[in-house]
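Visitor: Handing you this structure, nothing more for now.
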Amino acid sequence: MYSKTYKLLVSLPPILWVALFLLLPYLLMFLHSFWTVRDGVIIHHWNLANYATLFKNPLYVQVLFRTARIAASVTFLSLLLGYPLAYFLSFHAGPRKELLYQLVIVPLWVSYLVRGYAWKTILGSDGVLNGFLQYLHITHGPVSALLYSPFAVVLMLTHIYTPFVFLPIYASLEHIPRPLIEASQDLGASPRKTFFRVILPLCIPGLLAGATFAFVLSLGDFLAPLLVGGPSGTMIANLVQSLFGAAYDWPLGAAISVFILIITLTMLALTQRVEKRWSFE
Amino acid sequence: MTLASSTPAASSTATLAPGATLLEVRAVSKRFGPREVLKTLSLEISAGEFLTLLGESGSGKTTLLRLIAGFEQPTAGEIWMHGTRLDTLPPYKRRVNTVFQQYALFPHLNVSENVAYGLHAANTPKNEIATRVTDALAMVRMQEYAAAKPTKLSGGQQQRVALARALVNRPELLLLDEPLSALDANLRKEMQSELKSLQREVGITFLFVTHDQEEAMALSDRIALLRNGALEQVASPREIYAHPATAYTAQFIGQTNLLRAIIREGVADCGAFQFPCSRPDGSVLFSLRPEAISLAKDSLRFESNSPQPSTTVRFSASIHQQIYSGATELLELQTETGTILRARIPSSAPISGSHEFLFSASDAIALRD
């Protein structure tokens, strides 16, 4: 058996890592959220003013709602794209399964920034999409609303997070024992009934995991709005960034971060409970 | 408790009289790529019969079952049931239900929801579902587990639920794909007799797949022995054991001694001994079951070169090995001409050395080469 000293030595690095790079920053952030800035100096004066600002200032409230709306849209759209894709791959792709799977994965290896700039060239005023629309005489002159809008943000985030949604759904579909599907058909259930009564319930954990990925990652995203969002596409993470940067209001930035963290943790806890309810290992 | 009793709305089609042909497999072939799994196979199953598809793994028995259930399509040939063509229908339109090898119970549904699944799919009225599910669970003695999730059940219990789930739909034909293979030996024996009495009770035609010849013998009205995708022999257990058609059958079902004999003028000559035989002259392979050979009680010497071979064949052989198995024991014998034979005799005392044995010539069954 291992000695106590050995165990301590082995577990020390991860404990230190978690403490230094996770717990301590969270703690600092949490503390900052109750302080204030006066004349460019952070004053350790305990109060809830930051949280009050967050919920009262229409700017923050508006951006918070927009962020939630964008995250929800991204989740919905990535599920809409990811689920049929995963379903097709798992049940109907036949020998092309491996290749198609790899094709879905490949974009994950491409830098996030590169993909962002790609969308800029597609959606921009003299971009690919506008050129195409004008060529077909659908529009006469560039549509500027394509880029720098919440729409562009949703589009880019959906593109980026669909593989993240696809992966857990695909895994859960692959996990369904095929005899169960045969049993359902054997008992007289049509393919439609089999889908709704066997396949869908059994892939709920995967669906939830995918949805959580898309929602939580979109909620905290700041690069997509920065690249393609414009002023009307600003999200909460952009505000946090500016508060910690140019605006130098760390306490308010910290309060917003704490609030987002709480939303995220609540979501994770909820989905974990539902996932547990629907897993049958 | 019978399945057919509870409600009148049960089966729309009239049930066939027992003994009439229910299922016809007509010259069915199945290929998977270059592999020919079934070779122009034809088989008829009568209503109310318990037919077992017996064969080694890879013999095509499960494939045949899957063709009948509708999970595979035949490459050639047709399957007919009760006057309708079956092989062109999707699985969910066939009045056939399956008990799967690993039971395939739905993990997200409890026991009664599992059993109700087929009735729901058929849009059966709610109150009828309730009574039929209760009846089906009572039939397999699983009422107390109605609310349990399948994962909480033992193998034998899951097996019973799988049976109830299939039988509650009153299929015309029940397919069972090695349903007992996942159970341990004792439970297996118990389930065998339960299955047999259940089949008599509900009167539904059972098509049972197994690789276990003892199980096949114990359960079936008829056994269809498959070998490399073709039927080797179809007969009742007694018939197939007593009169195996081929050397393969004789060896697969029980143990046997295979003896090559030359027949000349009504006498079969195996080298070690001769016996009368009414077959035409030529070379014939005989099967002689070990239990047909017995130890000669008297130690009278007999004339080994007597001119008229009698119907009781006597020979002397030395005992190589004696394998005790309780009530009987298996002897490995070597005759004076070197032929190795196995004899099963009632257990007595350890014996060794050279002894005289006898068998009746009528127990030597001529096989098809």
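A note on labels: chains of the structure tokens are A, B, ... as shown, every chain counts residues from 1, and ligands are counted from 1 in their shown order.
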Counting only C-alpha atoms, which residues from chain B have an atom at most 8 Å from any atom of chain A, and could you show them as a ChimeraX atom specification?
Guide: /B:69,71,91-94,96-98,100,104-108,117-118,121-122,151,166,169
Visitor: Tell me which protein, DNA and RNA residues are within 9 Å of stretch 324-337 of chain B, counting only C-alpha atoms, leaving out same-chain ones fewer than 2 positions away, and put them as a list of chain:residue names.
Guide: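 Skipping anything fewer than 2 positions along the chain leaves B:Gly271, B:Ala272, B:Pro290, B:Glu291, B:Phe315, B:Ser316, B:Ala317, B:Ser318, B:Ile319, B:His320, B:Gln321, B:Gln322, B:Thr339, B:Ile340, B:Leu341, B:Arg342, B:Ala343, B:Arg344, B:Ile345, B:Pro346, B:Ser347, B:Ser348.
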Visitor: Just the residues within 8 Å of B:Val161, please, counting only C-alpha atoms, with nothing from its chain fewer than 6 positions along; format it as number ranges by chain.
Guide: B: 111, 114-115, 137, 140, 142
Visitor: List as a list in words the protein and nucleic acid residues near A:Leu59, meaning an atom at most 12 Å away when only C-alpha atoms are counted, but skip any in the same chain fewer than 4 places from it.
Guide: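 Here the answer would be Thr53, Leu54, Phe55, Val63, Leu64, Phe65, Arg66, Ser232, Thr234, Met235, Ile236 and Leu239 of chain A.
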Visitor: As a PDB file with C-alpha atoms, in the first residue's frame, please: every residue in stretch 63-300 of chain B that a backbone DSSP assignment puts in helix (DSSP H, G or I).
Guide:
```pdb
ATOM      1  CA  THR B  63     -30.655 -15.553 -39.613  1.00  0.00           C
ATOM      2  CA  LEU B  64     -33.729 -17.621 -40.428  1.00  0.00           C
ATOM      3  CA  LEU B  65     -35.420 -16.314 -37.310  1.00  0.00           C
ATOM      4  CA  ARG B  66     -34.548 -12.727 -38.228  1.00  0.00           C
ATOM      5  CA  LEU B  67     -35.940 -13.256 -41.720  1.00  0.00           C
ATOM      6  CA  ILE B  68     -39.225 -14.419 -40.240  1.00  0.00           C
ATOM      7  CA  ALA B  69     -39.302 -11.513 -37.767  1.00  0.00           C
ATOM      8  CA  PRO B  91     -41.498  -6.119 -38.969  1.00  0.00           C
ATOM      9  CA  TYR B  92     -44.135  -3.987 -37.258  1.00  0.00           C
ATOM     10  CA  LYS B  93     -46.859  -5.288 -39.550  1.00  0.00           C
ATOM     11  CA  VAL B 111     -42.211  -3.943 -16.209  1.00  0.00           C
ATOM     12  CA  SER B 112     -45.877  -3.263 -16.916  1.00  0.00           C
ATOM     13  CA  GLU B 113     -45.046  -0.469 -19.375  1.00  0.00           C
ATOM     14  CA  ASN B 114     -42.746  -2.892 -21.159  1.00  0.00           C
ATOM     15  CA  VAL B 115     -45.506  -5.473 -21.367  1.00  0.00           C
ATOM     16  CA  ALA B 116     -48.026  -2.852 -22.499  1.00  0.00           C
ATOM     17  CA  TYR B 117     -45.732  -1.583 -25.256  1.00  0.00           C
ATOM     18  CA  GLY B 118     -47.134  -3.734 -28.054  1.00  0.00           C
ATOM     19  CA  LEU B 119     -50.738  -3.072 -27.018  1.00  0.00           C
ATOM     20  CA  HIS B 120     -50.083   0.681 -27.027  1.00  0.00           C
ATOM     21  CA  ALA B 121     -48.542   0.406 -30.460  1.00  0.00           C
ATOM     22  CA  LYS B 126     -56.785   1.623 -22.148  1.00  0.00           C
ATOM     23  CA  ASN B 127     -58.892  -0.615 -19.922  1.00  0.00           C
ATOM     24  CA  GLU B 128     -58.192  -3.618 -22.123  1.00  0.00           C
ATOM     25  CA  ILE B 129     -54.463  -2.912 -21.918  1.00  0.00           C
ATOM     26  CA  ALA B 130     -54.672  -2.894 -18.140  1.00  0.00           C
ATOM     27  CA  THR B 131     -56.409  -6.267 -17.872  1.00  0.00           C
ATOM     28  CA  ARG B 132     -54.263  -7.928 -20.500  1.00  0.00           C
ATOM     29  CA  VAL B 133     -51.036  -6.688 -18.931  1.00  0.00           C
ATOM     30  CA  THR B 134     -52.182  -7.926 -15.525  1.00  0.00           C
ATOM     31  CA  ASP B 135     -53.093 -11.298 -17.007  1.00  0.00           C
ATOM     32  CA  ALA B 136     -49.806 -11.616 -18.851  1.00  0.00           C
ATOM     33  CA  LEU B 137     -47.783 -10.738 -15.765  1.00  0.00           C
ATOM     34  CA  ALA B 138     -49.798 -13.233 -13.726  1.00  0.00           C
ATOM     35  CA  MET B 139     -49.110 -15.885 -16.320  1.00  0.00           C
ATOM     36  CA  GLN B 143     -47.314  -9.358 -10.873  1.00  0.00           C
ATOM     37  CA  GLU B 144     -45.385  -8.068  -7.869  1.00  0.00           C
ATOM     38  CA  TYR B 145     -42.741  -6.554 -10.108  1.00  0.00           C
ATOM     39  CA  PRO B 150     -35.983  -4.025 -15.792  1.00  0.00           C
ATOM     40  CA  THR B 151     -32.435  -3.267 -14.624  1.00  0.00           C
ATOM     41  CA  LYS B 152     -33.476  -4.195 -11.083  1.00  0.00           C
ATOM     42  CA  GLY B 155     -31.917 -12.698 -15.557  1.00  0.00           C
ATOM     43  CA  GLY B 156     -34.745 -15.169 -14.992  1.00  0.00           C
ATOM     44  CA  GLN B 157     -37.176 -12.407 -14.113  1.00  0.00           C
ATOM     45  CA  GLN B 158     -36.200 -10.368 -17.169  1.00  0.00           C
ATOM     46  CA  GLN B 159     -36.744 -13.503 -19.196  1.00  0.00           C
ATOM     47  CA  ARG B 160     -40.284 -13.838 -17.860  1.00  0.00           C
ATOM     48  CA  VAL B 161     -41.066 -10.202 -18.580  1.00  0.00           C
ATOM     49  CA  ALA B 162     -39.750 -10.606 -22.122  1.00  0.00           C
ATOM     50  CA  LEU B 163     -42.050 -13.602 -22.562  1.00  0.00           C
ATOM     51  CA  ALA B 164     -45.040 -11.730 -21.182  1.00  0.00           C
ATOM     52  CA  ARG B 165     -44.256  -8.710 -23.367  1.00  0.00           C
ATOM     53  CA  ALA B 166     -44.300 -10.894 -26.477  1.00  0.00           C
ATOM     54  CA  LEU B 167     -47.232 -13.162 -25.558  1.00  0.00           C
ATOM     55  CA  ALA B 185     -27.779 -24.173 -15.524  1.00  0.00           C
ATOM     56  CA  ASN B 186     -30.371 -24.653 -12.752  1.00  0.00           C
ATOM     57  CA  LEU B 187     -32.539 -21.717 -13.730  1.00  0.00           C
ATOM     58  CA  ARG B 188     -32.286 -22.869 -17.282  1.00  0.00           C
ATOM     59  CA  LYS B 189     -33.780 -26.270 -16.522  1.00  0.00           C
ATOM     60  CA  GLU B 190     -36.538 -24.605 -14.550  1.00  0.00           C
ATOM     61  CA  MET B 191     -37.323 -22.150 -17.338  1.00  0.00           C
ATOM     62  CA  GLN B 192     -37.315 -24.988 -19.875  1.00  0.00           C
ATOM     63  CA  SER B 193     -40.182 -26.737 -18.176  1.00  0.00           C
ATOM     64  CA  GLU B 194     -41.986 -23.433 -17.597  1.00  0.00           C
ATOM     65  CA  LEU B 195     -41.638 -22.562 -21.240  1.00  0.00           C
ATOM     66  CA  LYS B 196     -42.953 -25.940 -22.308  1.00  0.00           C
ATOM     67  CA  SER B 197     -46.039 -25.791 -20.091  1.00  0.00           C
ATOM     68  CA  LEU B 198     -46.627 -22.159 -21.060  1.00  0.00           C
ATOM     69  CA  GLN B 199     -46.635 -23.105 -24.711  1.00  0.00           C
ATOM     70  CA  ARG B 200     -49.208 -25.852 -24.098  1.00  0.00           C
ATOM     71  CA  GLU B 201     -51.298 -23.405 -22.107  1.00  0.00           C
ATOM     72  CA  VAL B 202     -51.435 -20.562 -24.647  1.00  0.00           C
ATOM     73  CA  GLN B 213     -29.316 -30.254 -28.367  1.00  0.00           C
ATOM     74  CA  GLU B 214     -30.474 -31.329 -24.910  1.00  0.00           C
ATOM     75  CA  GLU B 215     -32.671 -28.236 -24.691  1.00  0.00           C
ATOM     76  CA  ALA B 216     -34.041 -28.948 -28.144  1.00  0.00           C
ATOM     77  CA  MET B 217     -34.833 -32.540 -27.197  1.00  0.00           C
ATOM     78  CA  ALA B 218     -36.529 -31.527 -23.957  1.00  0.00           C
ATOM     79  CA  LEU B 219     -38.777 -28.842 -25.446  1.00  0.00           C
ATOM     80  CA  PRO B 237     -36.868 -35.582 -30.981  1.00  0.00           C
ATOM     81  CA  ARG B 238     -37.483 -39.342 -30.675  1.00  0.00           C
ATOM     82  CA  GLU B 239     -37.329 -39.857 -34.391  1.00  0.00           C
ATOM     83  CA  ILE B 240     -34.219 -37.735 -34.900  1.00  0.00           C
ATOM     84  CA  TYR B 241     -32.435 -39.546 -32.078  1.00  0.00           C
ATOM     85  CA  ALA B 242     -33.526 -43.051 -32.982  1.00  0.00           C
ATOM     86  CA  ALA B 247     -23.670 -38.914 -39.702  1.00  0.00           C
ATOM     87  CA  TYR B 248     -23.801 -35.225 -38.789  1.00  0.00           C
ATOM     88  CA  THR B 249     -27.217 -35.596 -37.185  1.00  0.00           C
ATOM     89  CA  ALA B 250     -26.187 -38.752 -35.365  1.00  0.00           C
ATOM     90  CA  GLN B 251     -23.149 -37.033 -33.912  1.00  0.00           C
ATOM     91  CA  PHE B 252     -24.789 -33.685 -33.184  1.00  0.00           C
ATOM     92  CA  PRO B 290     -23.438 -46.183 -27.076  1.00  0.00           C
ATOM     93  CA  GLU B 291     -26.397 -47.305 -24.971  1.00  0.00           C
ATOM     94  CA  ALA B 292     -27.284 -49.935 -27.604  1.00  0.00           C
TER      95      ALA B 292
END
```
Visitor: Of the residues A:Ile15, A:Leu136, A:Val41, A:Ala209, which is the one nearest to A:Leu167, using only C-alpha atoms?
Guide: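 Once distances to A:Leu167 are computed over only C-alpha atoms, the minimum belongs to A:Ala209.
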Visitor: For A:Tyr101, find every residue with an atom within 10 Å (counting only C-alpha atoms), except residues of its own chain fewer than 2 positions away, and show them as a list of chain:residue names.
Guide: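 Near A:Tyr101, the qualifying residues are A:Leu85, A:Ala86, A:Leu89, A:Ser90, A:Ala93, A:Arg96, A:Lys97, A:Glu98, A:Leu99, A:Leu103, A:Val104, A:Ile105, A:Val106, A:Pro163, A:Phe166, A:Leu167, A:Tyr170.
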Visitor: Would you mind telling me which residue in B:Pro74, B:Pro90, B:Gly203, B:Gly33 lies nearest to B:Gly19 when using only C-alpha atoms?
Guide: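 Answer, going by the shortest atom-to-atom distance: B:Gly203.
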Visitor: Taking 2 positions as the minimum chain separation for residues in the same chain, which residues sit within 12 Å of B:Thr21 when counting only C-alpha atoms? Answer as a ChimeraX atom specification.
Guide: /B:15-19,23-25,43-49,80-83,172-173,205
Visitor: Hey, can you spit out that residue selection with N, CA and C atoms as an mmCIF file, in the first residue's frame?
Guide:
```
data_model
loop_
_atom_site.group_PDB
_atom_site.id
_atom_site.type_symbol
_atom_site.label_atom_id
_atom_site.label_comp_id
_atom_site.auth_asym_id
_atom_site.auth_seq_id
_atom_site.Cartn_x
_atom_site.Cartn_y
_atom_site.Cartn_z
ATOM 1 N N THR B 15 -58.083 -18.163 -35.693
ATOM 2 C CA THR B 15 -56.907 -18.978 -35.422
ATOM 3 C C THR B 15 -57.039 -20.298 -36.167
ATOM 4 N N LEU B 16 -55.893 -20.771 -36.594
ATOM 5 C CA LEU B 16 -55.882 -22.000 -37.374
ATOM 6 C C LEU B 16 -56.106 -23.198 -36.473
ATOM 7 N N ALA B 17 -56.691 -24.210 -37.032
ATOM 8 C CA ALA B 17 -56.819 -25.465 -36.300
ATOM 9 C C ALA B 17 -55.413 -26.021 -36.064
ATOM 10 N N PRO B 18 -55.185 -26.595 -34.871
ATOM 11 C CA PRO B 18 -53.852 -27.157 -34.618
ATOM 12 C C PRO B 18 -53.493 -28.173 -35.687
ATOM 13 N N GLY B 19 -52.289 -28.099 -36.138
ATOM 14 C CA GLY B 19 -51.837 -29.063 -37.132
ATOM 15 C C GLY B 19 -51.842 -28.517 -38.546
ATOM 16 N N LEU B 23 -46.829 -21.445 -40.964
ATOM 17 C CA LEU B 23 -45.752 -20.688 -41.602
ATOM 18 C C LEU B 23 -45.084 -21.546 -42.670
ATOM 19 N N GLU B 24 -44.855 -20.930 -43.805
ATOM 20 C CA GLU B 24 -44.160 -21.633 -44.880
ATOM 21 C C GLU B 24 -42.942 -20.842 -45.292
ATOM 22 N N VAL B 25 -41.800 -21.462 -45.175
ATOM 23 C CA VAL B 25 -40.571 -20.858 -45.677
ATOM 24 C C VAL B 25 -40.313 -21.531 -47.019
ATOM 25 N N LEU B 43 -39.201 -24.843 -45.246
ATOM 26 C CA LEU B 43 -39.616 -25.402 -43.954
ATOM 27 C C LEU B 43 -41.066 -25.021 -43.724
ATOM 28 N N GLU B 44 -41.831 -25.958 -43.179
ATOM 29 C CA GLU B 44 -43.223 -25.648 -42.823
ATOM 30 C C GLU B 44 -43.403 -25.819 -41.331
ATOM 31 N N ILE B 45 -44.130 -24.893 -40.742
ATOM 32 C CA ILE B 45 -44.406 -24.985 -39.309
ATOM 33 C C ILE B 45 -45.910 -25.062 -39.121
ATOM 34 N N SER B 46 -46.347 -26.034 -38.331
ATOM 35 C CA SER B 46 -47.781 -26.214 -38.125
ATOM 36 C C SER B 46 -48.261 -25.359 -36.966
ATOM 37 N N ALA B 47 -49.548 -25.016 -37.007
ATOM 38 C CA ALA B 47 -50.135 -24.217 -35.935
ATOM 39 C C ALA B 47 -50.076 -24.999 -34.625
ATOM 40 N N GLY B 48 -49.678 -24.325 -33.569
ATOM 41 C CA GLY B 48 -49.657 -24.923 -32.241
ATOM 42 C C GLY B 48 -48.427 -25.763 -31.951
ATOM 43 N N GLU B 49 -47.518 -25.809 -32.904
ATOM 44 C CA GLU B 49 -46.364 -26.690 -32.720
ATOM 45 C C GLU B 49 -45.200 -25.965 -32.038
ATOM 46 N N TRP B 80 -44.405 -17.229 -46.144
ATOM 47 C CA TRP B 80 -45.850 -17.044 -46.071
ATOM 48 C C TRP B 80 -46.343 -17.440 -44.689
ATOM 49 N N MET B 81 -47.291 -16.666 -44.184
ATOM 50 C CA MET B 81 -47.898 -17.067 -42.922
ATOM 51 C C MET B 81 -49.399 -16.924 -43.030
ATOM 52 N N HIS B 82 -50.073 -18.003 -42.776
ATOM 53 C CA HIS B 82 -51.520 -17.966 -42.673
ATOM 54 C C HIS B 82 -52.129 -17.316 -43.924
ATOM 55 N N GLY B 83 -51.597 -17.679 -45.091
ATOM 56 C CA GLY B 83 -52.179 -17.186 -46.340
ATOM 57 C C GLY B 83 -51.729 -15.816 -46.788
ATOM 58 N N GLU B 172 -49.422 -14.887 -33.730
ATOM 59 C CA GLU B 172 -49.696 -16.208 -34.293
ATOM 60 C C GLU B 172 -48.473 -17.099 -34.142
ATOM 61 N N LEU B 173 -47.324 -16.423 -34.097
ATOM 62 C CA LEU B 173 -46.071 -17.169 -34.026
ATOM 63 C C LEU B 173 -45.142 -16.441 -33.067
ATOM 64 N N THR B 205 -47.938 -21.013 -31.524
ATOM 65 C CA THR B 205 -46.835 -21.706 -32.190
ATOM 66 C C THR B 205 -45.505 -21.092 -31.767
#
```
Visitor: Atom CA of B:Leu41 to atom CA of B:Val28: how many Å, to one decimal?
Guide: 5.0 Å
Visitor: Name the residues of stretch 138-328 of chain B that fall into strand (DSSP E or B) according to DSSP on the backbone, using the chain letters and numbers of this document, as an NGL selection string.
Guide: :B and (173-177 or 205-210 or 222-227 or 230-235 or 246 or 257-264 or 267-269 or 274-276 or 282-288 or 294-295 or 312-325 or 328)
Visitor: Restrict the selected residues to C-alpha atoms and save them as a PDB file, in the first residue's frame.
Guide:
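Output (part-v3.pdb):
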```
ATOM      1  CA  LEU B 173     -46.071 -17.169 -34.026  1.00  0.00           C
ATOM      2  CA  LEU B 174     -43.614 -16.591 -31.220  1.00  0.00           C
ATOM      3  CA  LEU B 175     -39.931 -16.523 -32.085  1.00  0.00           C
ATOM      4  CA  LEU B 176     -37.454 -17.286 -29.327  1.00  0.00           C
ATOM      5  CA  ASP B 177     -33.798 -16.523 -30.001  1.00  0.00           C
ATOM      6  CA  THR B 205     -46.835 -21.706 -32.190  1.00  0.00           C
ATOM      7  CA  PHE B 206     -43.261 -21.448 -30.894  1.00  0.00           C
ATOM      8  CA  LEU B 207     -40.208 -21.271 -33.091  1.00  0.00           C
ATOM      9  CA  PHE B 208     -37.278 -21.707 -30.779  1.00  0.00           C
ATOM     10  CA  VAL B 209     -33.626 -21.254 -31.674  1.00  0.00           C
ATOM     11  CA  THR B 210     -30.883 -22.976 -29.745  1.00  0.00           C
ATOM     12  CA  ARG B 222     -40.078 -31.232 -33.868  1.00  0.00           C
ATOM     13  CA  ILE B 223     -36.441 -30.362 -34.317  1.00  0.00           C
ATOM     14  CA  ALA B 224     -35.101 -28.798 -37.509  1.00  0.00           C
ATOM     15  CA  LEU B 225     -31.372 -29.385 -37.557  1.00  0.00           C
ATOM     16  CA  LEU B 226     -29.475 -26.792 -39.556  1.00  0.00           C
ATOM     17  CA  ARG B 227     -26.001 -27.206 -40.932  1.00  0.00           C
ATOM     18  CA  ALA B 230     -29.286 -26.023 -45.074  1.00  0.00           C
ATOM     19  CA  LEU B 231     -31.658 -28.345 -43.249  1.00  0.00           C
ATOM     20  CA  GLU B 232     -29.975 -31.573 -42.271  1.00  0.00           C
ATOM     21  CA  GLN B 233     -33.074 -33.260 -40.863  1.00  0.00           C
ATOM     22  CA  VAL B 234     -36.495 -32.265 -39.566  1.00  0.00           C
ATOM     23  CA  ALA B 235     -38.137 -34.757 -37.223  1.00  0.00           C
ATOM     24  CA  THR B 246     -26.926 -38.457 -41.547  1.00  0.00           C
ATOM     25  CA  ASN B 257     -20.453 -44.739 -32.920  1.00  0.00           C
ATOM     26  CA  LEU B 258     -20.043 -44.444 -36.646  1.00  0.00           C
ATOM     27  CA  LEU B 259     -19.305 -47.749 -38.325  1.00  0.00           C
ATOM     28  CA  ARG B 260     -18.349 -48.160 -41.966  1.00  0.00           C
ATOM     29  CA  ALA B 261     -19.618 -51.500 -43.313  1.00  0.00           C
ATOM     30  CA  ILE B 262     -19.479 -53.342 -46.603  1.00  0.00           C
ATOM     31  CA  ILE B 263     -22.753 -55.086 -47.411  1.00  0.00           C
ATOM     32  CA  ARG B 264     -22.569 -58.231 -49.405  1.00  0.00           C
ATOM     33  CA  VAL B 267     -24.565 -59.287 -44.470  1.00  0.00           C
ATOM     34  CA  ALA B 268     -22.967 -56.103 -43.238  1.00  0.00           C
ATOM     35  CA  ASP B 269     -19.299 -56.487 -42.467  1.00  0.00           C
ATOM     36  CA  GLN B 274     -20.903 -58.878 -38.978  1.00  0.00           C
ATOM     37  CA  PHE B 275     -24.660 -58.572 -38.808  1.00  0.00           C
ATOM     38  CA  PRO B 276     -27.565 -59.260 -41.136  1.00  0.00           C
ATOM     39  CA  GLY B 282     -22.277 -51.601 -51.220  1.00  0.00           C
ATOM     40  CA  SER B 283     -20.616 -49.444 -48.614  1.00  0.00           C
ATOM     41  CA  VAL B 284     -22.852 -48.031 -45.865  1.00  0.00           C
ATOM     42  CA  LEU B 285     -22.214 -45.929 -42.764  1.00  0.00           C
ATOM     43  CA  PHE B 286     -24.046 -47.059 -39.636  1.00  0.00           C
ATOM     44  CA  SER B 287     -24.780 -45.240 -36.421  1.00  0.00           C
ATOM     45  CA  LEU B 288     -24.790 -47.283 -33.256  1.00  0.00           C
ATOM     46  CA  SER B 294     -24.304 -53.834 -23.478  1.00  0.00           C
ATOM     47  CA  LEU B 295     -21.978 -55.990 -21.504  1.00  0.00           C
ATOM     48  CA  THR B 312     -27.693 -60.194 -31.736  1.00  0.00           C
ATOM     49  CA  VAL B 313     -24.143 -59.246 -32.455  1.00  0.00           C
ATOM     50  CA  ARG B 314     -21.502 -60.313 -29.977  1.00  0.00           C
ATOM     51  CA  PHE B 315     -17.952 -59.115 -29.975  1.00  0.00           C
ATOM     52  CA  SER B 316     -15.104 -58.955 -27.563  1.00  0.00           C
ATOM     53  CA  ALA B 317     -13.207 -55.812 -26.804  1.00  0.00           C
ATOM     54  CA  SER B 318     -10.806 -54.448 -24.275  1.00  0.00           C
ATOM     55  CA  ILE B 319     -11.808 -51.534 -22.046  1.00  0.00           C
ATOM     56  CA  HIS B 320      -9.602 -48.495 -22.459  1.00  0.00           C
ATOM     57  CA  GLN B 321     -11.379 -46.050 -20.311  1.00  0.00           C
ATOM     58  CA  GLN B 322     -14.294 -45.936 -17.932  1.00  0.00           C
ATOM     59  CA  ILE B 323     -15.986 -42.575 -17.389  1.00  0.00           C
ATOM     60  CA  TYR B 324     -18.388 -42.646 -14.480  1.00  0.00           C
ATOM     61  CA  SER B 325     -21.388 -40.336 -14.635  1.00  0.00           C
ATOM     62  CA  THR B 328     -24.509 -44.796 -16.165  1.00  0.00           C
TER      63      THR B 328
END
```
